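Peer 1: Would you mind keeping the following structure in view while I ask a few things?
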Amino acid sequence: MQLFFRQIGAGRPIIILHGLFGSADNWLTISKVIADNGFSVYTVDQRNHGRSPQVPTHSYPELADDLYDFIQQQDLEKPILIGHSMGGKTVMQYAMQYPGTFSHLVVVDIAPRLYKVHHGDILAGLKAIPLDTLQNRNEADQILSQYEPSPSVRQFLLKNLYRNEEGNFAWRINLPVLDENIEIISQDIINQRVVEEPTLFMRGEKSGYVRDKDLPKIKELFPNSTVDTIEGASHWVQAEQPEAFVKSLVSFLQ
């Protein structure tokens with residue numbers, strides 16, 4: 001697997017993995033701030049997202065294997081791993097499969113547990129957009145608004161829409177495969193073991209993704225972990241409270 005990535009800065013290596021329907025580009029601005037603190041930051045498109053390969057399967061063991069391949073290809077020694085949402089589960093799964101190959105783990109607003117599938121409306125809205133006859137982005141937004149009321153969420157989702165070499169609209173995400181595997185994406189990590197490496201769980205104060213009742217399971221699997229609740233943030237912690245996110249991250253790594 002050859003994953004698309006962007007790299008900025010110099011210093012200790014950090015790899016950042018986005019969430020479902022996201023891409024490396026979502027982290028472009030904040031990665032520059034992180035790099036300014038003395039890190040070499042790699043923002044990576046996971047399989048079936050962004051400019052990385054579109055393939056027929058999408059499971060956490062495979063996403064973890066992709067991450068291992070990337071670390072080997074870039075010749076990185078014990079990088080710091082950061083993952084948001086789906087990316088958070090990827091780095092947790094990686095920790096289960098590849099102990100001793102990373103220095104620190106940062107999991108952003110996701111817990112090691114099964115989540116009820118809740119992206120049905122979004123997937124239906126994305127599938128309802130007729131790429132063959134679509135005239136412009138406003139038309140796509142109008143269609144999607146019937147399924148997703150939040151303008152900011154729609155803007156985030158429609159970043160995946162682009163014009164290909166033929167001038168036609170296309171998706172950067174592999175929509176059919178993500179739709180087919182949405183229950184797998186919602187599953188818990190597997191082959192669980194105790195992860196001794198220092199781990200930070202960052203959660204949004206207004207988000208329900210990491211609940212207080214999740215904390216005992218987190219401590220059981222990640223005994224050397226801390227949980228930091230970011231005030232004023234919902235699920236997109238790094239986008240909504242970037243200064244608090246970077247402060248929490250740098251404090252943990254130092």
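Chains: A, B, ... in order of the structure tokens. Residues: from 1 per chain. Ligands: from 1, in order shown.
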Just asking: which residues within region 11-231 of chain A are alpha helix (DSSP H) according to DSSP, as a ChimeraX atom specification?

Peer 2: /A:28-35,60-73,86-97,120-128,137-144,151-158,175-180,182-185,215-221

Peer 1: Compile the contact shell of Gly208 (chain A) as a list in words: residues with an atom at most 9 Å away, counting only C-alpha atoms, same-chain residues fewer than 3 positions apart removed.

Peer 2: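 Contacts, with the query itself left out: Asp109, Arg203, Gly204, Glu205, Arg211, Ser234 and His235 of chain A.
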
Peer 1: With N, CA and C atoms kept, could you save the residues just selected as a short mmCIF file (atom, residue, chain, number, x, y, z; two decimals), in the first residue's frame?

Peer 2:
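Final output, selection.cif:
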data_model
loop_
_atom_site.label_atom_id
_atom_site.label_comp_id
_atom_site.auth_asym_id
_atom_site.auth_seq_id
_atom_site.Cartn_x
_atom_site.Cartn_y
_atom_site.Cartn_z
N ASP A 109 -10.97 11.77 20.44
CA ASP A 109 -12.42 11.67 20.51
C ASP A 109 -12.98 10.36 19.94
N ARG A 203 -10.72 14.29 24.35
CA ARG A 203 -12.14 14.24 24.01
C ARG A 203 -12.75 15.64 24.08
N GLY A 204 -13.78 15.84 23.26
CA GLY A 204 -14.48 17.12 23.26
C GLY A 204 -15.50 17.18 24.38
N GLU A 205 -15.55 18.31 25.05
CA GLU A 205 -16.48 18.48 26.16
C GLU A 205 -17.93 18.27 25.72
N ARG A 211 -17.34 8.64 26.64
CA ARG A 211 -18.15 8.87 27.83
C ARG A 211 -17.37 8.51 29.08
N SER A 234 -16.70 19.82 20.31
CA SER A 234 -17.49 18.62 20.10
C SER A 234 -16.58 17.56 19.47
N HIS A 235 -17.05 16.83 18.48
CA HIS A 235 -16.26 15.71 17.96
C HIS A 235 -15.00 16.17 17.21
#

Peer 1: Have a look at A:Pro151, A:Pro242, A:Pro112, A:Gly120 and name the one nearest to Lys217 (chain A); count only C-alpha atoms.

Peer 2: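 Using only C-alpha atoms, Lys217 (chain A) sits closest to A:Pro112.
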
Peer 1: Point out the residue among A:Gln7, A:Gln238, A:Ser152, A:Ser145 with the least atom-to-atom distance to Asp45 (chain A), counting only C-alpha atoms.

Peer 2: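 That would be A:Gln7, the residue with the smallest distance to Asp45 (chain A).
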
Peer 1: Would you mind telling me which residue in A:Gln54, A:Gln192, A:Gln146, A:Gln241 lies nearest to Met92 (chain A) when using only C-alpha atoms?

Peer 2: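 So, comparing all the options, the nearest one is A:Gln192.
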
Peer 1: Neighbouring residues of Phe39 (chain A) were defined as those with any atom within 9 Å, considering only C-alpha atoms; residues of the same chain fewer than 6 positions away were excluded. Please report them as a VMD selection string.

Peer 2: chain A and resid 8 to 14

Peer 1: Can those selected residues be exported to a file as an mmCIF file, in the first residue's frame so that it contains all heavy atoms?

Peer 2:
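Result file follows (part14.cif):
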data_model
loop_
_atom_site.group_PDB
_atom_site.id
_atom_site.type_symbol
_atom_site.label_atom_id
_atom_site.label_comp_id
_atom_site.auth_asym_id
_atom_site.auth_seq_id
_atom_site.Cartn_x
_atom_site.Cartn_y
_atom_site.Cartn_z
ATOM 1 N N ILE A 8 5.709 18.096 6.696
ATOM 2 C CA ILE A 8 6.142 19.451 7.009
ATOM 3 C C ILE A 8 6.951 19.440 8.296
ATOM 4 O O ILE A 8 6.679 18.654 9.211
ATOM 5 C CB ILE A 8 4.927 20.405 7.139
ATOM 6 C CG1 ILE A 8 5.393 21.859 7.308
ATOM 7 C CG2 ILE A 8 4.007 19.995 8.273
ATOM 8 C CD1 ILE A 8 4.267 22.867 7.212
ATOM 9 N N GLY A 9 7.971 20.296 8.379
ATOM 10 C CA GLY A 9 8.750 20.446 9.592
ATOM 11 C C GLY A 9 9.905 19.474 9.714
ATOM 12 O O GLY A 9 10.134 18.621 8.861
ATOM 13 N N ALA A 10 10.640 19.616 10.818
ATOM 14 C CA ALA A 10 11.785 18.752 11.101
ATOM 15 C C ALA A 10 11.829 18.488 12.596
ATOM 16 O O ALA A 10 11.496 19.350 13.408
ATOM 17 C CB ALA A 10 13.084 19.408 10.634
ATOM 18 N N GLY A 11 12.239 17.273 12.952
ATOM 19 C CA GLY A 11 12.304 16.902 14.361
ATOM 20 C C GLY A 11 11.718 15.515 14.571
ATOM 21 O O GLY A 11 11.743 14.674 13.670
ATOM 22 N N ARG A 12 11.202 15.274 15.765
ATOM 23 C CA ARG A 12 10.609 13.971 16.071
ATOM 24 C C ARG A 12 9.432 13.709 15.136
ATOM 25 O O ARG A 12 8.602 14.593 14.904
ATOM 26 C CB ARG A 12 10.135 13.944 17.526
ATOM 27 C CG ARG A 12 11.232 14.065 18.553
ATOM 28 C CD ARG A 12 10.667 14.338 19.936
ATOM 29 N NE ARG A 12 9.860 13.248 20.450
ATOM 30 C CZ ARG A 12 9.097 13.321 21.533
ATOM 31 N NH1 ARG A 12 9.025 14.467 22.210
ATOM 32 N NH2 ARG A 12 8.403 12.279 21.940
ATOM 33 N N PRO A 13 9.345 12.495 14.584
ATOM 34 C CA PRO A 13 8.282 12.232 13.607
ATOM 35 C C PRO A 13 6.914 12.027 14.259
ATOM 36 O O PRO A 13 6.785 11.316 15.253
ATOM 37 C CB PRO A 13 8.754 10.944 12.922
ATOM 38 C CG PRO A 13 9.609 10.260 13.933
ATOM 39 C CD PRO A 13 10.272 11.353 14.726
ATOM 40 N N ILE A 14 5.912 12.678 13.689
ATOM 41 C CA ILE A 14 4.515 12.514 14.071
ATOM 42 C C ILE A 14 3.725 12.117 12.822
ATOM 43 O O ILE A 14 3.874 12.739 11.765
ATOM 44 C CB ILE A 14 3.919 13.813 14.649
ATOM 45 C CG1 ILE A 14 4.515 14.124 16.023
ATOM 46 C CG2 ILE A 14 2.398 13.730 14.747
ATOM 47 C CD1 ILE A 14 3.966 15.403 16.648
#

Peer 1: When DSSP works through the backbone of this structure, what residues of region 41-70 of chain A end up as strand (DSSP E), shown as a ChimeraX atom specification?

Peer 2: /A:41-44

Peer 1: For CA of Leu157 (chain A) and CA of Val107 (chain A), quote the distance in Å rounded to one decimal.

Peer 2: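 Value for the CA of Leu157 (chain A)-CA of Val107 (chain A) distance: 21.8 Å.
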
Peer 1: Excluding same-chain residues fewer than 2 positions from Gly19 (chain A), what lies within 9 Å of it counting only C-alpha atoms, as a PyMOL selection string?

Peer 2: chain A and resi 17+21-23+46+83-88

Peer 1: Keeping only all heavy atoms, write the selected residues as a compact mmCIF listing (two decimals), in the first residue's frame.

Peer 2:
# COMPACT_ATOMS: atom_id res chain seq x y z
N LEU A 17 -3.54 10.66 11.40
CA LEU A 17 -4.55 9.98 10.59
C LEU A 17 -5.92 10.62 10.82
O LEU A 17 -6.35 10.78 11.97
CB LEU A 17 -4.62 8.49 10.96
CG LEU A 17 -3.35 7.67 10.74
CD1 LEU A 17 -3.60 6.21 11.09
CD2 LEU A 17 -2.87 7.78 9.29
N PHE A 21 -14.51 9.91 6.16
CA PHE A 21 -14.85 10.95 5.18
C PHE A 21 -13.85 12.10 5.17
O PHE A 21 -14.07 13.11 4.49
CB PHE A 21 -16.26 11.53 5.41
CG PHE A 21 -17.36 10.50 5.48
CD1 PHE A 21 -18.23 10.48 6.56
CD2 PHE A 21 -17.52 9.56 4.48
CE1 PHE A 21 -19.26 9.55 6.64
CE2 PHE A 21 -18.54 8.61 4.54
CZ PHE A 21 -19.41 8.61 5.63
N GLY A 22 -12.75 11.99 5.93
CA GLY A 22 -11.76 13.06 6.00
C GLY A 22 -10.59 12.82 5.07
O GLY A 22 -10.59 11.93 4.22
N SER A 23 -9.54 13.62 5.26
CA SER A 23 -8.33 13.48 4.46
C SER A 23 -7.19 14.22 5.15
O SER A 23 -7.40 14.95 6.13
CB SER A 23 -8.52 14.05 3.05
OG SER A 23 -8.60 15.46 3.09
N GLN A 46 -5.76 7.85 4.57
CA GLN A 46 -5.94 6.41 4.72
C GLN A 46 -6.58 5.82 3.46
O GLN A 46 -7.11 6.55 2.62
CB GLN A 46 -6.81 6.13 5.95
CG GLN A 46 -6.18 6.63 7.25
CD GLN A 46 -6.87 6.10 8.48
OE1 GLN A 46 -6.65 4.96 8.89
NE2 GLN A 46 -7.71 6.92 9.09
N GLY A 83 -4.44 9.90 15.91
CA GLY A 83 -5.57 9.53 15.08
C GLY A 83 -6.86 10.12 15.61
O GLY A 83 -7.12 10.07 16.82
N HIS A 84 -7.67 10.68 14.72
CA HIS A 84 -8.97 11.24 15.09
C HIS A 84 -10.08 10.31 14.63
O HIS A 84 -10.10 9.87 13.48
CB HIS A 84 -9.15 12.62 14.44
CG HIS A 84 -10.54 13.17 14.61
ND1 HIS A 84 -11.39 13.39 13.55
CD2 HIS A 84 -11.23 13.53 15.73
CE1 HIS A 84 -12.55 13.87 14.00
NE2 HIS A 84 -12.47 13.96 15.31
N SER A 85 -10.99 9.97 15.54
CA SER A 85 -12.18 9.18 15.22
C SER A 85 -11.77 7.85 14.56
O SER A 85 -11.09 7.05 15.20
CB SER A 85 -13.11 10.01 14.33
OG SER A 85 -14.42 9.51 14.35
N MET A 86 -12.14 7.60 13.31
CA MET A 86 -11.71 6.37 12.65
C MET A 86 -10.20 6.23 12.69
O MET A 86 -9.67 5.12 12.89
CB MET A 86 -12.20 6.35 11.20
CG MET A 86 -11.84 5.09 10.41
SD MET A 86 -12.24 5.22 8.65
CE MET A 86 -10.91 6.31 8.09
N GLY A 87 -9.48 7.33 12.51
CA GLY A 87 -8.01 7.29 12.60
C GLY A 87 -7.54 6.93 13.99
O GLY A 87 -6.49 6.30 14.16
N GLY A 88 -8.32 7.33 15.02
CA GLY A 88 -8.00 6.94 16.39
C GLY A 88 -8.10 5.45 16.59
O GLY A 88 -7.26 4.84 17.27

Peer 1: Can you tell me, as a list in words, what residues are no more than 9 Å from region 65-69 of chain A when counting only C-alpha atoms, ignoring any on the same chain fewer than 6 positions away?

Peer 2: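 With the cut-off at 9 Å, the set is Met1, Gln2, Leu3, Gln46, Arg47, Thr90, Val91, Tyr94, Gln97, Tyr98 and Thr101 of chain A.
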
Peer 1: Using only C-alpha atoms, can you tell me which of A:Val117, A:Ile15, A:Leu123, A:Leu20 comes closest to Ile80 (chain A)?

Peer 2: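 Nearest to Ile80 (chain A): A:Ile15.
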
Peer 1: May I have the residues within 6 Å of Ala24 (chain A) as a PDB file with C-alpha atoms, in the first residue's frame, using only C-alpha atoms and disregarding those fewer than 2 positions away in the same chain?

Peer 2:
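result06.pdb, written as the output of this step:
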ATOM      1  CA  ASN A  26      -8.187  18.590   6.924  1.00  0.00           C
ATOM      2  CA  TRP A  27      -5.040  18.768   9.078  1.00  0.00           C
ATOM      3  CA  THR A  43      -0.464  13.878   7.453  1.00  0.00           C
ATOM      4  CA  VAL A  44      -1.669  10.759   5.678  1.00  0.00           C
ATOM      5  CA  ASP A  45      -4.700   9.816   3.580  1.00  0.00           C
TER       6      ASP A  45
END

Peer 1: Of the residues A:Val227, A:Leu126, A:Ile218, A:Leu134, which is the one nearest to Lys159 (chain A), using only C-alpha atoms?

Peer 2: A:Leu126

Peer 1: Enter the distance from CA of Pro53 (chain A) to CA of Phe169 (chain A), in Å, rounded to one decimal.

Peer 2: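 Rounded to one decimal, the two atoms are 18.1 Å apart.
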
Peer 1: Just how far from CA of Asn224 (chain A) is CA of Lys247 (chain A), in Å to one decimal?

Peer 2: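 About the pair CA of Lys247 (chain A) and CA of Asn224 (chain A): they are 19.8 Å apart.
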
Peer 1: Find the spatial neighbours of Arg172 (chain A), counting only C-alpha atoms, within a cut-off of 9 Å - ignore same-chain residues fewer than 5 positions away - and output them as a list in words.

Peer 2: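 Those residues are Asn48, His49, Gly50, Arg51, Ser52, Gln54, Lys159, Asn160, Leu161 and Tyr162 of chain A.
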
Peer 1: Measuring atom to atom with only C-alpha atoms, identify which of A:Met202, A:Val246, A:Ala111, A:Ile173 is nearest to Lys32 (chain A).

Peer 2: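 Of all the options, A:Val246 lies closest to Lys32 (chain A).
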